[in-house]
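*Asks:* So here's data35.txt (compact mmCIF, N, CA, C and O atoms).
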```
# COMPACT_ATOMS: atom_id res chain seq x y z
N SER A 1 14.11 17.18 -6.20
CA SER A 1 13.07 17.18 -5.18
C SER A 1 11.71 16.81 -5.75
O SER A 1 10.89 16.28 -5.06
N GLY A 2 11.47 17.11 -7.06
CA GLY A 2 10.20 16.78 -7.69
C GLY A 2 9.93 15.29 -7.70
O GLY A 2 8.80 14.86 -7.54
N ALA A 3 10.96 14.49 -7.93
CA ALA A 3 10.78 13.04 -7.95
C ALA A 3 10.62 12.47 -6.55
O ALA A 3 10.13 11.37 -6.39
N LEU A 4 11.05 13.22 -5.58
CA LEU A 4 10.95 12.73 -4.20
C LEU A 4 9.50 12.72 -3.73
O LEU A 4 9.07 11.80 -3.05
N ASN A 5 8.71 13.72 -4.09
CA ASN A 5 7.33 13.79 -3.63
C ASN A 5 6.51 12.58 -4.04
O ASN A 5 5.83 12.00 -3.20
N PRO A 6 6.52 12.15 -5.32
CA PRO A 6 5.78 10.93 -5.66
C PRO A 6 6.32 9.72 -4.92
O PRO A 6 5.55 8.86 -4.51
N PHE A 7 7.63 9.66 -4.73
CA PHE A 7 8.20 8.53 -4.00
C PHE A 7 7.65 8.48 -2.59
O PHE A 7 7.25 7.42 -2.12
N ILE A 8 7.59 9.62 -1.94
CA ILE A 8 7.05 9.66 -0.58
C ILE A 8 5.60 9.19 -0.58
O ILE A 8 5.19 8.40 0.26
N PHE A 9 4.80 9.64 -1.55
CA PHE A 9 3.41 9.22 -1.63
C PHE A 9 3.29 7.71 -1.79
O PHE A 9 2.57 7.05 -1.07
N TYR A 10 4.03 7.13 -2.76
CA TYR A 10 3.94 5.70 -3.00
C TYR A 10 4.48 4.91 -1.82
O TYR A 10 3.97 3.85 -1.48
N LEU A 11 5.49 5.41 -1.19
CA LEU A 11 6.03 4.75 0.00
C LEU A 11 5.00 4.77 1.12
O LEU A 11 4.84 3.78 1.84
N GLN A 12 4.26 5.87 1.25
CA GLN A 12 3.22 5.95 2.28
C GLN A 12 2.10 4.96 1.99
O GLN A 12 1.58 4.33 2.91
N VAL A 13 1.72 4.80 0.72
CA VAL A 13 0.69 3.82 0.36
C VAL A 13 1.18 2.42 0.70
O VAL A 13 0.45 1.61 1.28
N TYR A 14 2.42 2.13 0.34
CA TYR A 14 3.01 0.82 0.64
C TYR A 14 3.00 0.58 2.15
O TYR A 14 2.61 -0.49 2.62
N GLN A 15 3.39 1.59 2.93
CA GLN A 15 3.43 1.44 4.39
C GLN A 15 2.02 1.25 4.94
O GLN A 15 1.81 0.43 5.84
N LEU A 16 1.04 1.96 4.40
CA LEU A 16 -0.34 1.80 4.85
C LEU A 16 -0.82 0.37 4.62
O LEU A 16 -1.42 -0.24 5.50
N LEU A 17 -0.54 -0.17 3.45
CA LEU A 17 -0.96 -1.54 3.16
C LEU A 17 -0.27 -2.54 4.07
O LEU A 17 -0.89 -3.49 4.54
N THR A 18 1.00 -2.31 4.34
CA THR A 18 1.73 -3.18 5.26
C THR A 18 1.10 -3.11 6.66
O THR A 18 0.90 -4.13 7.30
N ASP A 19 0.77 -1.90 7.09
CA ASP A 19 0.14 -1.72 8.41
C ASP A 19 -1.24 -2.38 8.46
O ASP A 19 -1.60 -2.99 9.46
N LEU A 20 -2.02 -2.25 7.37
CA LEU A 20 -3.34 -2.88 7.33
C LEU A 20 -3.23 -4.39 7.46
O LEU A 20 -4.02 -5.02 8.17
N LYS A 21 -2.25 -4.97 6.78
CA LYS A 21 -2.06 -6.42 6.88
C LYS A 21 -1.74 -6.82 8.32
O LYS A 21 -2.28 -7.80 8.83
N GLN A 22 -0.88 -6.06 8.98
CA GLN A 22 -0.51 -6.37 10.36
C GLN A 22 -1.71 -6.20 11.29
O GLN A 22 -1.95 -7.05 12.15
N GLN A 23 -2.47 -5.12 11.12
CA GLN A 23 -3.65 -4.90 11.96
C GLN A 23 -4.67 -6.02 11.78
O GLN A 23 -5.30 -6.45 12.73
N ARG A 24 -4.81 -6.46 10.55
CA ARG A 24 -5.77 -7.54 10.27
C ARG A 24 -5.36 -8.82 11.00
O ARG A 24 -6.19 -9.53 11.56
N LYS A 25 -4.06 -9.11 11.00
CA LYS A 25 -3.58 -10.30 11.72
C LYS A 25 -3.89 -10.18 13.21
O LYS A 25 -4.35 -11.12 13.83
N GLU A 26 -3.60 -9.01 13.77
CA GLU A 26 -3.78 -8.80 15.21
C GLU A 26 -5.25 -8.73 15.62
O GLU A 26 -5.61 -9.12 16.73
N SER A 27 -6.10 -8.23 14.73
CA SER A 27 -7.51 -8.05 15.10
C SER A 27 -8.23 -9.38 15.24
O SER A 27 -9.27 -9.45 15.90
N GLY A 28 -7.72 -10.43 14.66
CA GLY A 28 -8.36 -11.73 14.77
C GLY A 28 -8.20 -12.36 16.14
O GLY A 28 -8.80 -13.38 16.43
N LYS A 29 -7.43 -11.74 17.01
CA LYS A 29 -7.11 -12.33 18.31
C LYS A 29 -8.04 -11.87 19.44
O LYS A 29 -7.98 -12.41 20.53
N THR A 30 -8.89 -10.87 19.19
CA THR A 30 -9.72 -10.33 20.26
C THR A 30 -11.19 -10.23 19.84
O THR A 30 -11.51 -10.21 18.67
N LYS A 31 -12.07 -10.13 20.84
CA LYS A 31 -13.50 -9.89 20.58
C LYS A 31 -13.64 -8.47 20.05
O LYS A 31 -13.01 -7.56 20.54
N GLN A 32 -14.53 -8.31 19.05
CA GLN A 32 -14.60 -7.02 18.39
C GLN A 32 -16.00 -6.44 18.38
O GLN A 32 -16.99 -7.16 18.32
N SER A 33 -16.04 -5.11 18.38
CA SER A 33 -17.32 -4.40 18.24
C SER A 33 -17.76 -4.47 16.78
O SER A 33 -17.00 -4.84 15.90
N SER A 34 -19.00 -4.08 16.52
CA SER A 34 -19.49 -4.11 15.15
C SER A 34 -18.73 -3.11 14.29
O SER A 34 -18.48 -3.36 13.10
N GLY A 35 -18.33 -1.98 14.86
CA GLY A 35 -17.51 -1.00 14.12
C GLY A 35 -16.18 -1.60 13.72
O GLY A 35 -15.73 -1.40 12.59
N GLN A 36 -15.57 -2.33 14.63
CA GLN A 36 -14.29 -2.97 14.32
C GLN A 36 -14.47 -4.06 13.28
O GLN A 36 -13.64 -4.24 12.39
N GLN A 37 -15.57 -4.79 13.36
CA GLN A 37 -15.86 -5.82 12.36
C GLN A 37 -16.03 -5.20 10.98
O GLN A 37 -15.56 -5.75 9.98
N ASN A 38 -16.72 -4.04 10.92
CA ASN A 38 -16.88 -3.34 9.64
C ASN A 38 -15.53 -2.90 9.09
O ASN A 38 -15.27 -3.03 7.89
N LEU A 39 -14.68 -2.37 9.95
CA LEU A 39 -13.35 -1.96 9.54
C LEU A 39 -12.55 -3.15 9.03
O LEU A 39 -11.86 -3.07 8.00
N ASN A 40 -12.66 -4.27 9.71
CA ASN A 40 -11.97 -5.49 9.27
C ASN A 40 -12.44 -5.93 7.89
O ASN A 40 -11.64 -6.38 7.06
N THR A 41 -13.73 -5.79 7.63
CA THR A 41 -14.27 -6.15 6.32
C THR A 41 -13.69 -5.24 5.24
O THR A 41 -13.29 -5.71 4.17
N ILE A 42 -13.63 -3.95 5.53
CA ILE A 42 -13.05 -3.00 4.57
C ILE A 42 -11.58 -3.33 4.32
O ILE A 42 -11.12 -3.34 3.17
N MET A 43 -10.83 -3.60 5.39
CA MET A 43 -9.42 -3.96 5.22
C MET A 43 -9.28 -5.23 4.39
O MET A 43 -8.45 -5.31 3.48
N TYR A 44 -10.12 -6.22 4.67
CA TYR A 44 -10.07 -7.48 3.93
C TYR A 44 -10.35 -7.26 2.45
O TYR A 44 -9.62 -7.75 1.59
N GLU A 45 -11.41 -6.53 2.14
CA GLU A 45 -11.78 -6.29 0.75
C GLU A 45 -10.70 -5.49 0.02
O GLU A 45 -10.42 -5.75 -1.15
N THR A 46 -10.12 -4.50 0.69
CA THR A 46 -9.05 -3.70 0.08
C THR A 46 -7.84 -4.57 -0.23
O THR A 46 -7.29 -4.53 -1.34
N LEU A 47 -7.42 -5.36 0.75
CA LEU A 47 -6.25 -6.23 0.53
C LEU A 47 -6.53 -7.29 -0.53
O LEU A 47 -5.66 -7.62 -1.34
N LYS A 48 -7.76 -7.81 -0.56
CA LYS A 48 -8.14 -8.80 -1.57
C LYS A 48 -8.06 -8.19 -2.97
O LYS A 48 -7.52 -8.80 -3.89
N TYR A 49 -8.57 -6.97 -3.12
CA TYR A 49 -8.53 -6.29 -4.41
C TYR A 49 -7.08 -6.04 -4.83
O TYR A 49 -6.69 -6.34 -5.96
N ILE A 50 -6.29 -5.49 -3.94
CA ILE A 50 -4.91 -5.15 -4.27
C ILE A 50 -4.09 -6.38 -4.59
O ILE A 50 -3.21 -6.35 -5.45
N SER A 51 -4.41 -7.50 -3.96
CA SER A 51 -3.64 -8.72 -4.21
C SER A 51 -3.85 -9.24 -5.63
O SER A 51 -3.09 -10.08 -6.10
N LYS A 52 -4.87 -8.73 -6.32
CA LYS A 52 -5.14 -9.14 -7.71
C LYS A 52 -4.56 -8.14 -8.72
O LYS A 52 -4.80 -8.28 -9.90
N THR A 53 -3.85 -7.13 -8.25
CA THR A 53 -3.27 -6.12 -9.12
C THR A 53 -1.75 -6.19 -9.05
O THR A 53 -1.19 -6.84 -8.15
N PRO A 54 -1.06 -5.51 -9.97
CA PRO A 54 0.41 -5.48 -9.91
C PRO A 54 0.95 -4.86 -8.62
O PRO A 54 2.13 -5.04 -8.29
N CYS A 55 0.10 -4.17 -7.87
CA CYS A 55 0.55 -3.55 -6.62
C CYS A 55 1.10 -4.57 -5.63
O CYS A 55 1.89 -4.24 -4.77
N ARG A 56 0.66 -5.82 -5.77
CA ARG A 56 1.13 -6.84 -4.81
C ARG A 56 2.64 -7.04 -4.89
O ARG A 56 3.25 -7.55 -3.96
N TYR A 57 3.25 -6.63 -6.00
CA TYR A 57 4.69 -6.77 -6.15
C TYR A 57 5.44 -5.51 -5.73
O TYR A 57 6.65 -5.46 -5.81
N GLN A 58 4.72 -4.49 -5.31
CA GLN A 58 5.33 -3.21 -4.97
C GLN A 58 6.12 -3.30 -3.67
O GLN A 58 5.70 -3.94 -2.72
N SER A 59 7.25 -2.65 -3.68
CA SER A 59 8.07 -2.52 -2.48
C SER A 59 8.73 -1.15 -2.54
O SER A 59 8.73 -0.51 -3.60
N PRO A 60 9.29 -0.68 -1.45
CA PRO A 60 9.98 0.62 -1.50
C PRO A 60 11.08 0.64 -2.57
O PRO A 60 11.26 1.64 -3.25
N GLU A 61 11.76 -0.49 -2.75
CA GLU A 61 12.84 -0.54 -3.74
C GLU A 61 12.31 -0.41 -5.16
O GLU A 61 12.87 0.31 -5.98
N THR A 62 11.21 -1.11 -5.47
CA THR A 62 10.68 -1.05 -6.84
C THR A 62 10.11 0.33 -7.14
O THR A 62 10.24 0.83 -8.26
N VAL A 63 9.48 0.97 -6.16
CA VAL A 63 8.98 2.33 -6.36
C VAL A 63 10.15 3.27 -6.62
O VAL A 63 10.11 4.08 -7.56
N ARG A 64 11.20 3.16 -5.84
CA ARG A 64 12.38 4.01 -6.01
C ARG A 64 13.00 3.79 -7.39
O ARG A 64 13.31 4.76 -8.10
N GLU A 65 13.16 2.54 -7.80
CA GLU A 65 13.76 2.24 -9.10
C GLU A 65 12.92 2.82 -10.23
O GLU A 65 13.46 3.38 -11.20
N PHE A 66 11.61 2.71 -10.14
CA PHE A 66 10.73 3.25 -11.16
C PHE A 66 10.87 4.76 -11.26
O PHE A 66 11.01 5.33 -12.35
N LEU A 67 10.84 5.44 -10.12
CA LEU A 67 10.92 6.89 -10.13
C LEU A 67 12.27 7.38 -10.66
O LEU A 67 12.33 8.37 -11.39
N VAL A 68 13.34 6.69 -10.32
CA VAL A 68 14.66 7.06 -10.84
C VAL A 68 14.68 6.87 -12.36
O VAL A 68 15.17 7.72 -13.10
N ALA A 69 14.11 5.77 -12.84
CA ALA A 69 14.09 5.50 -14.29
C ALA A 69 13.27 6.55 -15.03
O ALA A 69 13.58 6.90 -16.17
N MET A 70 12.21 7.06 -14.42
CA MET A 70 11.33 8.02 -15.08
C MET A 70 11.77 9.47 -14.93
O MET A 70 11.28 10.35 -15.64
N LYS A 71 12.68 9.74 -14.03
CA LYS A 71 13.07 11.11 -13.71
C LYS A 71 13.52 11.89 -14.95
O LYS A 71 13.15 13.05 -15.13
N ASP A 72 14.32 11.28 -15.81
CA ASP A 72 14.85 11.97 -16.99
C ASP A 72 13.77 12.32 -18.02
O ASP A 72 14.00 13.15 -18.90
N HIS A 73 12.61 11.72 -17.91
CA HIS A 73 11.54 11.99 -18.87
C HIS A 73 10.77 13.26 -18.53
O HIS A 73 9.94 13.71 -19.32
N LYS A 74 11.01 13.81 -17.35
CA LYS A 74 10.40 15.06 -16.90
C LYS A 74 8.87 15.06 -17.09
O LYS A 74 8.29 16.01 -17.63
N LEU A 75 8.25 13.98 -16.68
CA LEU A 75 6.79 13.89 -16.77
C LEU A 75 6.13 14.78 -15.73
O LEU A 75 6.65 14.97 -14.63
N THR A 76 4.97 15.30 -16.07
CA THR A 76 4.21 16.12 -15.11
C THR A 76 2.83 15.49 -14.96
O THR A 76 2.52 14.49 -15.59
N LYS A 77 2.00 16.14 -14.16
CA LYS A 77 0.66 15.64 -13.90
C LYS A 77 -0.05 15.30 -15.13
O LYS A 77 -0.45 15.36 -16.03
```
Show me the file's structure as structure tokens.
*Replies:*
Amino acid sequence: SGALNPFIFYLQVYQLLTDLKQQRKESGKTKQSSGQQNLNTIMYETLKYISKTPCRYQSPETVREFLVAMKDHKLTK
């Protein structure tokens, strides 16, 4: 169960990034308030930053494989 908690966290981050990408695509189709424009800028900058890191290769499968490989090492915080 200990290895499951980090997996859930990383999977949630992956899902958030996937959702942000989808929202960004959809937000370009409508007129937006200044608040929405600010949010779009934040989403854009976040995705731009992450696309320059190894995170861009992350998927649920790679997170799962990593956690399984590390489980026997009994690493803690």
*Asks:* Write out as a PyMOL selection string the residues lying within 8 Å of stretch 46-52 of chain A, counting all atoms listed in the file and excluding same-chain residues fewer than 4 positions away.
*Replies:* chain A and resi 17+20-21+39-42+56-57
*Asks:* For atom CA of A:Glu61 and atom CA of A:His73, determine how far apart the two atoms are, in Å to one decimal place.
*Replies:*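 Between these atoms lies a distance of 19.7 Å.
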*Asks:* Just give me the gap between atom C of A:Asp19 and atom CA of A:Tyr44 in Å, one decimal is fine.
*Replies:*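 That distance, rounded to one decimal, is 11.2 Å.
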*Asks:* Return as an MDAnalysis selection string the full set of residues in stretch 14-74 of chain A whose backbone-based DSSP assignment is alpha helix (DSSP H).
*Replies:* chainID A and resid 14:27 34:50 60:71
*Asks:* When you draw a straight line from atom CA of A:Pro54 to atom CA of A:Asn38, how long is it in Å?
*Replies:*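 Separating atom CA of A:Pro54 from atom CA of A:Asn38 is a distance of 26.2 Å.
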*Asks:* Quick one: residues within 8 Å of (-5.4, -7.2, 11.5) (file frame), counting only C-alpha atoms, please, as number ranges by chain.
*Replies:* A: 20-28, 40
*Asks:* Report the centre and edge lengths, in Å to one decimal, of an axis-aligned box enclosing every atom of stretch 39-47 of chain A listed in the file, padded by 6 Å on each side, as JSON.
*Replies:*
```
{"center_x": -10.2, "center_y": -4.9, "center_z": 4.3, "size_x": 21.0, "size_y": 17.8, "size_z": 23.3}
```
